[in-house]
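Undergrad: My structure is below; once you've seen it, I'll send some questions.
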Amino acid sequence: EKRMGYLMGIDIGSTTIKAVVYDDRGNHIASGSQQTPLTYDKKQPAWCVWEPQRIWDCVVYSIMEALSKLPDPHTVTALAVTGFGMDGLPLDAEGKPLYPIISWHCPRTIPQSEALSKKAGAKYIFEQTGKQVQSIDSVYRMMWMQENHPQIMEQTKTWLLIEDFVNFMLCGEMATDYSMATTTSVFDVKTHEWCKSLIDQAGVPDTIFPHPRQAGHVLAEVLPMVARQTGLSPQTKVVLGGHDYICGALAVGAIDEGVLMDITGTWEMVVQASAKADTSEQIFNSGFYIEGHVVPERYCYVGCTVSGDMTEWLKKNLAAEEKLIAETQGIGIWDAITQACGQSVAGSRGCIFLPHFSGAGTPYHDADSMGAFLGMHNQIRNQDMIRSVIEGLNYQFRMMVDAFAGNCLGEAQKIVAIGGATRNGFWMQNKADVVGCRLEVPAIYEATPLGAAMVAGMGTGVFKDAREAVEAVRKDVVVYEPDRAAHEIYEEYYQNIYCKLQFVLKDINREISKRVRQ
């Protein structure tokens, strides 16, 4: 059987930039990576940016490293870029950067997001764009630039998101796809056009937005200079990719309403595809937002909440004994933490953890909500507190799943999990037990760049459509079936205690937040 050429997915991640090569069955062939360099401001310590040239250098090195592992680098026929969206930069008429890329880590645009949501109304922004107000979205960066550096905005010909900038550097074409365009907060999710009324209210020029297209659109071949720099064939096609977790959704087959995708990393994102975009008040109040999909005529409903911060805190502050065990037994820290969880019981002897170290996310957004351990008594041991952190994160996940079922799209037939946490069997089994639903973890290498590579294949005819792509890369799954006895215990804790916590503690947390978060 004659195999076609390879496909590459380039993933611009917050911590790592990766270039991953796959065959047309989704098998990992080669990869290269670089740390994503974040630059902090000397005068304003909380402010931070991505330097465009450094980002581009990292992309070039990642591609070179991946290609160096192939017998013939020219076998890569097409590539697509994915990444975290929102962060972008102004370019002049020559395509030269006028300012670094303000990072989503940077708090400088909070006043602009508050100003626009006051002026236009958060509900109106949602009705037009499907987006909840998030201060990191691109339009608030543009407003900040207009207010602080009007001369830069005067010179700006085009504002490109970080992935679209990488595409421009690769092939010289400027465009954005529907899923990335959504992250600007001024893109009409239903008509796939820029929302002029919002752009006008934001007070930024409506001429600086690139042409929006469906993911899978072939932009151009790589520029001759880029081919020489990277080792790619000059005939390699650059295909328009999309937002990172939406590419991930394609890779695991979350293109229909029955599949709920869960990604656990720094953030926990829950994503469900739909053929309709419902921007009603009910969905707005549920705290979800809606993005374009990388699959034609599909949308994604997204819920999100912070997750990884708390597991890092757990490792640092609660797991001293486990660190010692890990060192003496020669095992990983998470193996030792899992052992500790096994020494407790379902429900952690009544110790309950509210995972709101960074406020509450979907479905009941509240920046003032704070974390808490409750049910402390003299029988509680360290192992119970450790286990309660994992359980608390899974109760939080359950709340998002329930909100999906109640508000949008009906109950999911299955949940597919990807991300770093899937390597932890205890966490995954506990998630299935808490939710009471079958959980699948597919054996794929890096879902996000794989999804981008699949989009590249869809754009160049390797796959005739998304369904064929999903079938082609389908892999074995590890299945976690809920333990019925454990689920009954969790159900009772969840309904009678966890669901009330945020609201019972609301006033107290607001008082504490006033004192420590200012």
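Starting from 1 in every chain, residues are counted up; chains themselves are A, B, ... following the order of the structure tokens, and ligands are numbered from 1 as listed.
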Hey, what does DSSP flag as strand (DSSP E or B) within range 270-313 of chain A? Can you give it to me as a list in words?
TA: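 Here are the strand (DSSP E or B) residues of range 270-313 of chain A: Val270, Val271, Gln272, Ala273, Ser274, Tyr289, Ile290, Glu291, Gly292, Tyr299, Cys300, Tyr301, Val302, Gly303, Cys304, Thr305 and Val306 of chain A.
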Undergrad: Write a file of the just-selected residues containing N, CA, C and O atoms, as a compact mmCIF listing (two decimals), in the first residue's frame.
TA:
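To be explicit, this is the file written out as out.txt:
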```
# COMPACT_ATOMS: atom_id res chain seq x y z
N VAL A 270 -14.01 22.01 29.09
CA VAL A 270 -14.98 21.01 28.66
C VAL A 270 -15.58 21.53 27.37
O VAL A 270 -16.05 22.67 27.30
N VAL A 271 -15.52 20.70 26.33
CA VAL A 271 -15.90 21.15 24.99
C VAL A 271 -16.92 20.20 24.40
O VAL A 271 -16.74 18.98 24.44
N GLN A 272 -18.01 20.75 23.84
CA GLN A 272 -19.00 19.93 23.17
C GLN A 272 -19.38 20.57 21.84
O GLN A 272 -19.63 21.78 21.78
N ALA A 273 -19.39 19.78 20.79
CA ALA A 273 -19.70 20.30 19.45
C ALA A 273 -21.21 20.36 19.25
O ALA A 273 -21.96 19.62 19.88
N SER A 274 -21.63 21.25 18.35
CA SER A 274 -23.05 21.36 18.03
C SER A 274 -23.20 21.92 16.62
O SER A 274 -22.32 22.62 16.13
N TYR A 289 -19.13 29.74 26.73
CA TYR A 289 -19.01 30.57 25.54
C TYR A 289 -18.99 29.67 24.32
O TYR A 289 -18.89 28.44 24.45
N ILE A 290 -19.14 30.27 23.15
CA ILE A 290 -19.28 29.49 21.91
C ILE A 290 -18.19 29.93 20.94
O ILE A 290 -17.95 31.13 20.78
N GLU A 291 -17.53 28.97 20.34
CA GLU A 291 -16.51 29.28 19.33
C GLU A 291 -16.83 28.55 18.03
O GLU A 291 -17.53 27.54 18.04
N GLY A 292 -16.29 29.08 16.92
CA GLY A 292 -16.37 28.34 15.67
C GLY A 292 -15.55 27.05 15.80
O GLY A 292 -14.61 26.99 16.57
N TYR A 299 -20.12 24.24 15.70
CA TYR A 299 -19.70 25.19 16.73
C TYR A 299 -19.23 24.39 17.94
O TYR A 299 -19.56 23.21 18.06
N CYS A 300 -18.51 25.05 18.83
CA CYS A 300 -18.10 24.42 20.09
C CYS A 300 -18.61 25.22 21.26
O CYS A 300 -18.39 26.44 21.31
N TYR A 301 -19.28 24.54 22.18
CA TYR A 301 -19.62 25.16 23.47
C TYR A 301 -18.47 24.83 24.41
O TYR A 301 -18.04 23.68 24.48
N VAL A 302 -18.00 25.84 25.13
CA VAL A 302 -16.81 25.66 25.96
C VAL A 302 -17.08 26.14 27.38
O VAL A 302 -17.59 27.25 27.59
N GLY A 303 -16.75 25.29 28.35
CA GLY A 303 -16.74 25.69 29.75
C GLY A 303 -15.31 25.59 30.23
O GLY A 303 -14.58 24.70 29.80
N CYS A 304 -14.89 26.50 31.12
CA CYS A 304 -13.50 26.39 31.57
C CYS A 304 -13.34 26.86 33.01
O CYS A 304 -14.10 27.69 33.49
N THR A 305 -12.34 26.30 33.64
CA THR A 305 -12.03 26.67 35.02
C THR A 305 -10.57 26.31 35.30
O THR A 305 -10.02 25.43 34.63
N VAL A 306 -9.95 26.98 36.24
CA VAL A 306 -8.53 26.72 36.51
C VAL A 306 -8.39 25.40 37.25
O VAL A 306 -9.17 25.08 38.14
```
Undergrad: If you run DSSP on this backbone, which residues of range 344-488 of chain A come out as alpha helix (DSSP H), and could you give them as JSON, numbers by chain?
TA: {"A": [382, 383, 384, 385, 386, 387, 388, 389, 390, 391, 392, 393, 394, 395, 396, 397, 398, 399, 400, 401, 402, 403, 404, 405, 406, 407, 425, 426, 427, 428, 429, 430, 431, 432, 433, 434, 435, 447, 448, 449, 450, 451, 452, 453, 454, 455, 456, 457, 458, 459, 466, 467, 468, 469, 470, 471, 472, 473, 484, 485, 486, 487, 488]}
Undergrad: Quick one: distance from CA of Ile418 in chain A to CA of Thr15 in chain A in Å, one decimal?
TA: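 These two atoms are separated by 17.1 Å.
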Undergrad: Could you list, as a count of residues only, every residue within 12 Å of Ile415 in chain A, counting only C-alpha atoms and ignoring same-chain residues fewer than 5 positions away?
TA: 35
Undergrad: Residues at most 9 Å from Ala46 in chain A, counting only C-alpha atoms, excluding those fewer than 2 positions away in the same chain, as JSON, numbers by chain?
TA: {"A": [40, 41, 44, 48, 105, 106, 107, 108]}
Undergrad: Selected residues, all heavy atoms, written as a PDB file, in the first residue's frame, please.
TA:
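Heads up, here's the output in part.pdb:
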```pdb
ATOM      1  N   TYR A  40       9.087  39.423  30.784  1.00  0.00           N
ATOM      2  CA  TYR A  40       8.437  40.316  31.747  1.00  0.00           C
ATOM      3  C   TYR A  40       8.988  41.736  31.638  1.00  0.00           C
ATOM      4  O   TYR A  40      10.153  41.940  31.318  1.00  0.00           O
ATOM      5  CB  TYR A  40       8.592  39.772  33.177  1.00  0.00           C
ATOM      6  CG  TYR A  40       7.617  38.661  33.460  1.00  0.00           C
ATOM      7  CD1 TYR A  40       7.931  37.341  33.160  1.00  0.00           C
ATOM      8  CD2 TYR A  40       6.348  38.941  33.970  1.00  0.00           C
ATOM      9  CE1 TYR A  40       7.012  36.308  33.382  1.00  0.00           C
ATOM     10  CE2 TYR A  40       5.426  37.924  34.201  1.00  0.00           C
ATOM     11  CZ  TYR A  40       5.771  36.614  33.911  1.00  0.00           C
ATOM     12  OH  TYR A  40       4.853  35.611  34.118  1.00  0.00           O
ATOM     13  N   ASP A  41       8.129  42.703  31.923  1.00  0.00           N
ATOM     14  CA  ASP A  41       8.469  44.118  31.832  1.00  0.00           C
ATOM     15  C   ASP A  41       9.248  44.544  33.085  1.00  0.00           C
ATOM     16  O   ASP A  41       8.831  44.238  34.200  1.00  0.00           O
ATOM     17  CB  ASP A  41       7.165  44.923  31.712  1.00  0.00           C
ATOM     18  CG  ASP A  41       7.402  46.370  31.313  1.00  0.00           C
ATOM     19  OD1 ASP A  41       8.040  47.087  32.088  1.00  0.00           O
ATOM     20  OD2 ASP A  41       6.929  46.764  30.223  1.00  0.00           O
ATOM     21  N   GLN A  44       7.028  47.381  34.908  1.00  0.00           N
ATOM     22  CA  GLN A  44       5.726  46.894  35.388  1.00  0.00           C
ATOM     23  C   GLN A  44       5.842  45.379  35.539  1.00  0.00           C
ATOM     24  O   GLN A  44       5.566  44.637  34.595  1.00  0.00           O
ATOM     25  CB  GLN A  44       4.636  47.202  34.341  1.00  0.00           C
ATOM     26  CG  GLN A  44       4.469  48.664  34.030  1.00  0.00           C
ATOM     27  CD  GLN A  44       3.320  49.254  34.827  1.00  0.00           C
ATOM     28  OE1 GLN A  44       2.789  48.631  35.734  1.00  0.00           O
ATOM     29  NE2 GLN A  44       2.940  50.469  34.490  1.00  0.00           N
ATOM     30  N   CYS A  48       3.652  41.245  30.784  1.00  0.00           N
ATOM     31  CA  CYS A  48       4.534  40.328  30.062  1.00  0.00           C
ATOM     32  C   CYS A  48       4.085  40.181  28.606  1.00  0.00           C
ATOM     33  O   CYS A  48       2.908  40.361  28.284  1.00  0.00           O
ATOM     34  CB  CYS A  48       4.592  38.971  30.751  1.00  0.00           C
ATOM     35  SG  CYS A  48       2.979  38.308  31.161  1.00  0.00           S
ATOM     36  N   HIS A 105      -1.090  36.100  30.065  1.00  0.00           N
ATOM     37  CA  HIS A 105      -0.708  36.180  31.481  1.00  0.00           C
ATOM     38  C   HIS A 105      -0.779  37.623  32.004  1.00  0.00           C
ATOM     39  O   HIS A 105      -0.712  37.842  33.201  1.00  0.00           O
ATOM     40  CB  HIS A 105       0.742  35.708  31.686  1.00  0.00           C
ATOM     41  CG  HIS A 105       0.999  34.278  31.321  1.00  0.00           C
ATOM     42  ND1 HIS A 105       1.267  33.878  30.020  1.00  0.00           N
ATOM     43  CD2 HIS A 105       1.042  33.161  32.080  1.00  0.00           C
ATOM     44  CE1 HIS A 105       1.468  32.567  30.012  1.00  0.00           C
ATOM     45  NE2 HIS A 105       1.338  32.105  31.239  1.00  0.00           N
ATOM     46  N   CYS A 106      -0.835  38.603  31.103  1.00  0.00           N
ATOM     47  CA  CYS A 106      -0.653  40.020  31.444  1.00  0.00           C
ATOM     48  C   CYS A 106      -1.984  40.676  31.825  1.00  0.00           C
ATOM     49  O   CYS A 106      -2.945  40.595  31.060  1.00  0.00           O
ATOM     50  CB  CYS A 106      -0.038  40.744  30.241  1.00  0.00           C
ATOM     51  SG  CYS A 106       0.321  42.473  30.569  1.00  0.00           S
ATOM     52  N   PRO A 107      -2.038  41.347  32.998  1.00  0.00           N
ATOM     53  CA  PRO A 107      -3.325  41.905  33.457  1.00  0.00           C
ATOM     54  C   PRO A 107      -3.658  43.298  32.919  1.00  0.00           C
ATOM     55  O   PRO A 107      -4.669  43.870  33.296  1.00  0.00           O
ATOM     56  CB  PRO A 107      -3.111  41.975  34.975  1.00  0.00           C
ATOM     57  CG  PRO A 107      -1.641  42.238  35.134  1.00  0.00           C
ATOM     58  CD  PRO A 107      -0.961  41.543  33.982  1.00  0.00           C
ATOM     59  N   ARG A 108      -2.836  43.833  32.024  1.00  0.00           N
ATOM     60  CA  ARG A 108      -2.971  45.261  31.696  1.00  0.00           C
ATOM     61  C   ARG A 108      -4.311  45.631  31.047  1.00  0.00           C
ATOM     62  O   ARG A 108      -4.693  46.790  31.045  1.00  0.00           O
ATOM     63  CB  ARG A 108      -1.809  45.728  30.820  1.00  0.00           C
ATOM     64  CG  ARG A 108      -1.884  45.315  29.363  1.00  0.00           C
ATOM     65  CD  ARG A 108      -0.692  45.822  28.570  1.00  0.00           C
ATOM     66  NE  ARG A 108       0.510  45.019  28.792  1.00  0.00           N
ATOM     67  CZ  ARG A 108       1.652  45.208  28.155  1.00  0.00           C
ATOM     68  NH1 ARG A 108       1.774  46.176  27.263  1.00  0.00           N
ATOM     69  NH2 ARG A 108       2.689  44.420  28.393  1.00  0.00           N
TER      70      ARG A 108
END
```
Undergrad: Looking at only C-alpha atoms, which of A:Glu327, A:Asp11, A:Glu51, A:Glu94 is the one that sits closest to Phe168 in chain A?
TA: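 With only C-alpha atoms as the atom set, the closest residue is A:Glu94.
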Undergrad: Set the distance at 12 Å and use only C-alpha atoms: which residues neighbour Asp402 in chain A once local chain neighbours fewer than 2 positions away are removed? I'd like the list as a PyMOL selection string.
TA: chain A and resi 260+270+286+303+362-363+395-400+404-412+434-437+494-495+499
Undergrad: Would you output that residue set with N, CA, C and O atoms, as a short mmCIF file (atom, residue, chain, number, x, y, z; two decimals), in the first residue's frame?
TA:
```cif
data_model
loop_
_atom_site.label_atom_id
_atom_site.label_comp_id
_atom_site.auth_asym_id
_atom_site.auth_seq_id
_atom_site.Cartn_x
_atom_site.Cartn_y
_atom_site.Cartn_z
N LEU A 260 -18.49 14.52 24.74
CA LEU A 260 -17.99 15.64 25.55
C LEU A 260 -16.49 15.45 25.69
O LEU A 260 -16.04 14.37 26.06
N VAL A 270 -14.01 22.01 29.09
CA VAL A 270 -14.98 21.01 28.66
C VAL A 270 -15.58 21.53 27.37
O VAL A 270 -16.05 22.67 27.30
N SER A 286 -25.33 30.57 31.85
CA SER A 286 -24.65 29.33 32.25
C SER A 286 -23.13 29.50 32.30
O SER A 286 -22.42 28.63 32.79
N GLY A 303 -16.75 25.29 28.35
CA GLY A 303 -16.74 25.69 29.75
C GLY A 303 -15.31 25.59 30.23
O GLY A 303 -14.58 24.70 29.80
N THR A 362 -16.70 28.33 34.99
CA THR A 362 -18.01 27.86 34.53
C THR A 362 -18.55 26.83 35.53
O THR A 362 -17.77 26.00 36.00
N PRO A 363 -19.84 26.79 35.85
CA PRO A 363 -20.90 27.63 35.31
C PRO A 363 -21.24 28.87 36.14
O PRO A 363 -22.05 29.67 35.72
N TYR A 395 -15.42 17.19 41.33
CA TYR A 395 -16.78 17.75 41.58
C TYR A 395 -16.98 18.99 40.70
O TYR A 395 -18.06 19.21 40.14
N GLN A 396 -15.92 19.79 40.59
CA GLN A 396 -15.98 21.00 39.75
C GLN A 396 -16.25 20.61 38.29
O GLN A 396 -17.05 21.24 37.60
N PHE A 397 -15.56 19.56 37.83
CA PHE A 397 -15.77 19.05 36.47
C PHE A 397 -17.22 18.57 36.32
O PHE A 397 -17.90 18.88 35.33
N ARG A 398 -17.72 17.82 37.33
CA ARG A 398 -19.09 17.31 37.30
C ARG A 398 -20.10 18.47 37.16
O ARG A 398 -21.09 18.36 36.44
N MET A 399 -19.81 19.59 37.83
CA MET A 399 -20.70 20.74 37.76
C MET A 399 -20.79 21.28 36.33
O MET A 399 -21.85 21.67 35.86
N MET A 400 -19.64 21.28 35.64
CA MET A 400 -19.65 21.73 34.23
C MET A 400 -20.43 20.74 33.36
O MET A 400 -21.21 21.15 32.50
N PHE A 404 -23.78 21.51 31.08
CA PHE A 404 -23.93 21.20 29.66
C PHE A 404 -25.25 20.48 29.43
O PHE A 404 -26.02 20.83 28.55
N ALA A 405 -25.49 19.44 30.22
CA ALA A 405 -26.69 18.63 30.04
C ALA A 405 -27.94 19.48 30.26
O ALA A 405 -28.93 19.37 29.54
N GLY A 406 -27.88 20.37 31.26
CA GLY A 406 -29.07 21.17 31.60
C GLY A 406 -29.34 22.31 30.64
O GLY A 406 -30.47 22.70 30.44
N ASN A 407 -28.28 22.85 30.04
CA ASN A 407 -28.45 24.09 29.27
C ASN A 407 -28.40 23.91 27.77
O ASN A 407 -29.08 24.60 27.05
N CYS A 408 -27.50 23.05 27.31
CA CYS A 408 -27.22 23.12 25.88
C CYS A 408 -27.73 21.93 25.12
O CYS A 408 -28.69 21.98 24.40
N LEU A 409 -27.04 20.85 25.32
CA LEU A 409 -27.02 19.88 24.25
C LEU A 409 -27.43 18.49 24.69
O LEU A 409 -27.15 17.52 24.02
N GLY A 410 -28.04 18.39 25.85
CA GLY A 410 -28.43 17.06 26.31
C GLY A 410 -27.25 16.30 26.87
O GLY A 410 -26.11 16.75 26.82
N GLU A 411 -27.53 15.14 27.43
CA GLU A 411 -26.49 14.36 28.11
C GLU A 411 -25.50 13.79 27.09
O GLU A 411 -25.89 13.34 26.03
N ALA A 412 -24.23 13.78 27.48
CA ALA A 412 -23.21 13.20 26.60
C ALA A 412 -23.30 11.68 26.68
O ALA A 412 -23.55 11.12 27.75
N VAL A 434 -17.06 10.06 40.11
CA VAL A 434 -17.78 11.27 40.53
C VAL A 434 -18.91 11.60 39.55
O VAL A 434 -20.02 11.93 39.96
N VAL A 435 -18.61 11.51 38.26
CA VAL A 435 -19.61 11.89 37.25
C VAL A 435 -20.62 10.77 37.02
O VAL A 435 -21.77 11.01 36.65
N GLY A 436 -20.19 9.52 37.23
CA GLY A 436 -21.09 8.39 36.99
C GLY A 436 -21.25 8.08 35.52
O GLY A 436 -22.30 7.64 35.06
N CYS A 437 -20.19 8.36 34.75
CA CYS A 437 -20.27 8.19 33.29
C CYS A 437 -18.96 7.56 32.81
O CYS A 437 -17.90 7.82 33.38
N TYR A 494 -21.89 15.36 46.52
CA TYR A 494 -21.98 16.40 45.47
C TYR A 494 -23.29 17.18 45.60
O TYR A 494 -23.29 18.41 45.65
N GLN A 495 -24.41 16.45 45.64
CA GLN A 495 -25.72 17.12 45.65
C GLN A 495 -25.96 17.88 46.95
O GLN A 495 -26.45 19.01 46.93
N CYS A 499 -22.40 21.27 45.86
CA CYS A 499 -23.15 22.23 45.04
C CYS A 499 -23.54 23.49 45.81
O CYS A 499 -23.83 24.52 45.20
#
```
Undergrad: Give the answer as one residue: which of A:Val416, A:Asn424, A:Ile352, A:Leu67 has the shortest atom-to-atom distance to Thr338 in chain A, using only C-alpha atoms?
TA: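 Smallest separation from Thr338 in chain A among the options: A:Asn424.
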Undergrad: Which is closer to Gln379 in chain A than all the others in A:Val133, A:Glu65, A:Ser344, A:Asp366, using only C-alpha atoms?
TA: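 Under the stated criterion, the closest residue is A:Ser344.
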Undergrad: Do you have the CA of Thr422 in chain A-CA of Leu250 in chain A distance handy?
TA: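 Rounded to one decimal, the two atoms are 17.7 Å apart.
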Undergrad: Quick one: everything within 9 Å of range 56-64 of chain A, counting only C-alpha atoms, minus sequence neighbours fewer than 6 positions away in the same chain. Send it as a list in words.
TA: Met8, Ile10, Asp11, Ile12, Ile17, Lys18, Ala19, Val20, Ser31, Gly32, Ser33, Gln34, Gln35, Thr36, Pro37, Phe165, Val166, Met169, Val226, Gln229, Thr230, Gly231 and Leu232 of chain A
Undergrad: Let me see the file: selected residues, C-alpha atoms, as a PDB file, in the first residue's frame.
TA:
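The result, written out as selection_4.pdb:
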```pdb
ATOM      1  CA  MET A   8       2.789  18.393  10.370  1.00  0.00           C
ATOM      2  CA  ILE A  10       2.675  23.153  14.777  1.00  0.00           C
ATOM      3  CA  ASP A  11       1.361  23.917  18.253  1.00  0.00           C
ATOM      4  CA  ILE A  12       2.083  27.349  19.756  1.00  0.00           C
ATOM      5  CA  ILE A  17       6.164  25.290  20.940  1.00  0.00           C
ATOM      6  CA  LYS A  18       6.014  21.921  19.161  1.00  0.00           C
ATOM      7  CA  ALA A  19       6.297  20.745  15.572  1.00  0.00           C
ATOM      8  CA  VAL A  20       4.959  17.192  15.269  1.00  0.00           C
ATOM      9  CA  SER A  31       8.772  15.929  16.701  1.00  0.00           C
ATOM     10  CA  GLY A  32      10.774  18.946  17.809  1.00  0.00           C
ATOM     11  CA  SER A  33      10.093  21.504  20.529  1.00  0.00           C
ATOM     12  CA  GLN A  34      11.292  24.687  22.209  1.00  0.00           C
ATOM     13  CA  GLN A  35      10.268  26.401  25.452  1.00  0.00           C
ATOM     14  CA  THR A  36       7.954  29.352  24.737  1.00  0.00           C
ATOM     15  CA  PRO A  37       9.876  32.439  25.898  1.00  0.00           C
ATOM     16  CA  PHE A 165       1.465  35.658  12.458  1.00  0.00           C
ATOM     17  CA  VAL A 166       3.318  32.304  12.281  1.00  0.00           C
ATOM     18  CA  MET A 169       5.944  34.184   8.395  1.00  0.00           C
ATOM     19  CA  VAL A 226      11.537  29.460   4.944  1.00  0.00           C
ATOM     20  CA  GLN A 229      15.800  27.891   6.808  1.00  0.00           C
ATOM     21  CA  THR A 230      13.782  24.911   8.026  1.00  0.00           C
ATOM     22  CA  GLY A 231      14.448  22.104   5.558  1.00  0.00           C
ATOM     23  CA  LEU A 232      10.786  21.927   4.490  1.00  0.00           C
TER      24      LEU A 232
END
```
Undergrad: What's around Pro224 in chain A at 10 Å? Count only C-alpha atoms, leave out sequence neighbours fewer than 6 positions away in its own chain, and write the answer as a list of chain:residue names.
TA: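 Counting only the stated atoms, we get A:Leu170, A:Cys171, A:Leu232, A:Ser233, A:Pro234, A:Gln235.
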Undergrad: A:Ile101, A:Ala456, A:Val462, A:Leu198: which is nearest Gly121 in chain A, counting only C-alpha atoms?
TA: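 Using only C-alpha atoms, the shortest distance to Gly121 in chain A belongs to A:Leu198.
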Undergrad: Find the residue from A:Gly85, A:Pro150, A:Gly461, A:Pro449 that sits nearest to Gly5 in chain A; use only C-alpha atoms when measuring.
TA: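 The shortest atom-to-atom distance to Gly5 in chain A comes from A:Gly461.
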Undergrad: My list of candidates is A:Arg141, A:Arg54, A:Arg349, A:His211. Which is closest to Leu38 in chain A when distances are computed with only C-alpha atoms?
TA: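 Among A:Arg141, A:Arg54, A:Arg349, A:His211, it is A:Arg54 that comes nearest to Leu38 in chain A.
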Undergrad: Record the distance separating CA of Tyr490 in chain A and CA of Arg381 in chain A, expressed in Å with one decimal.
TA: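 Those two atoms sit 19.5 Å apart.
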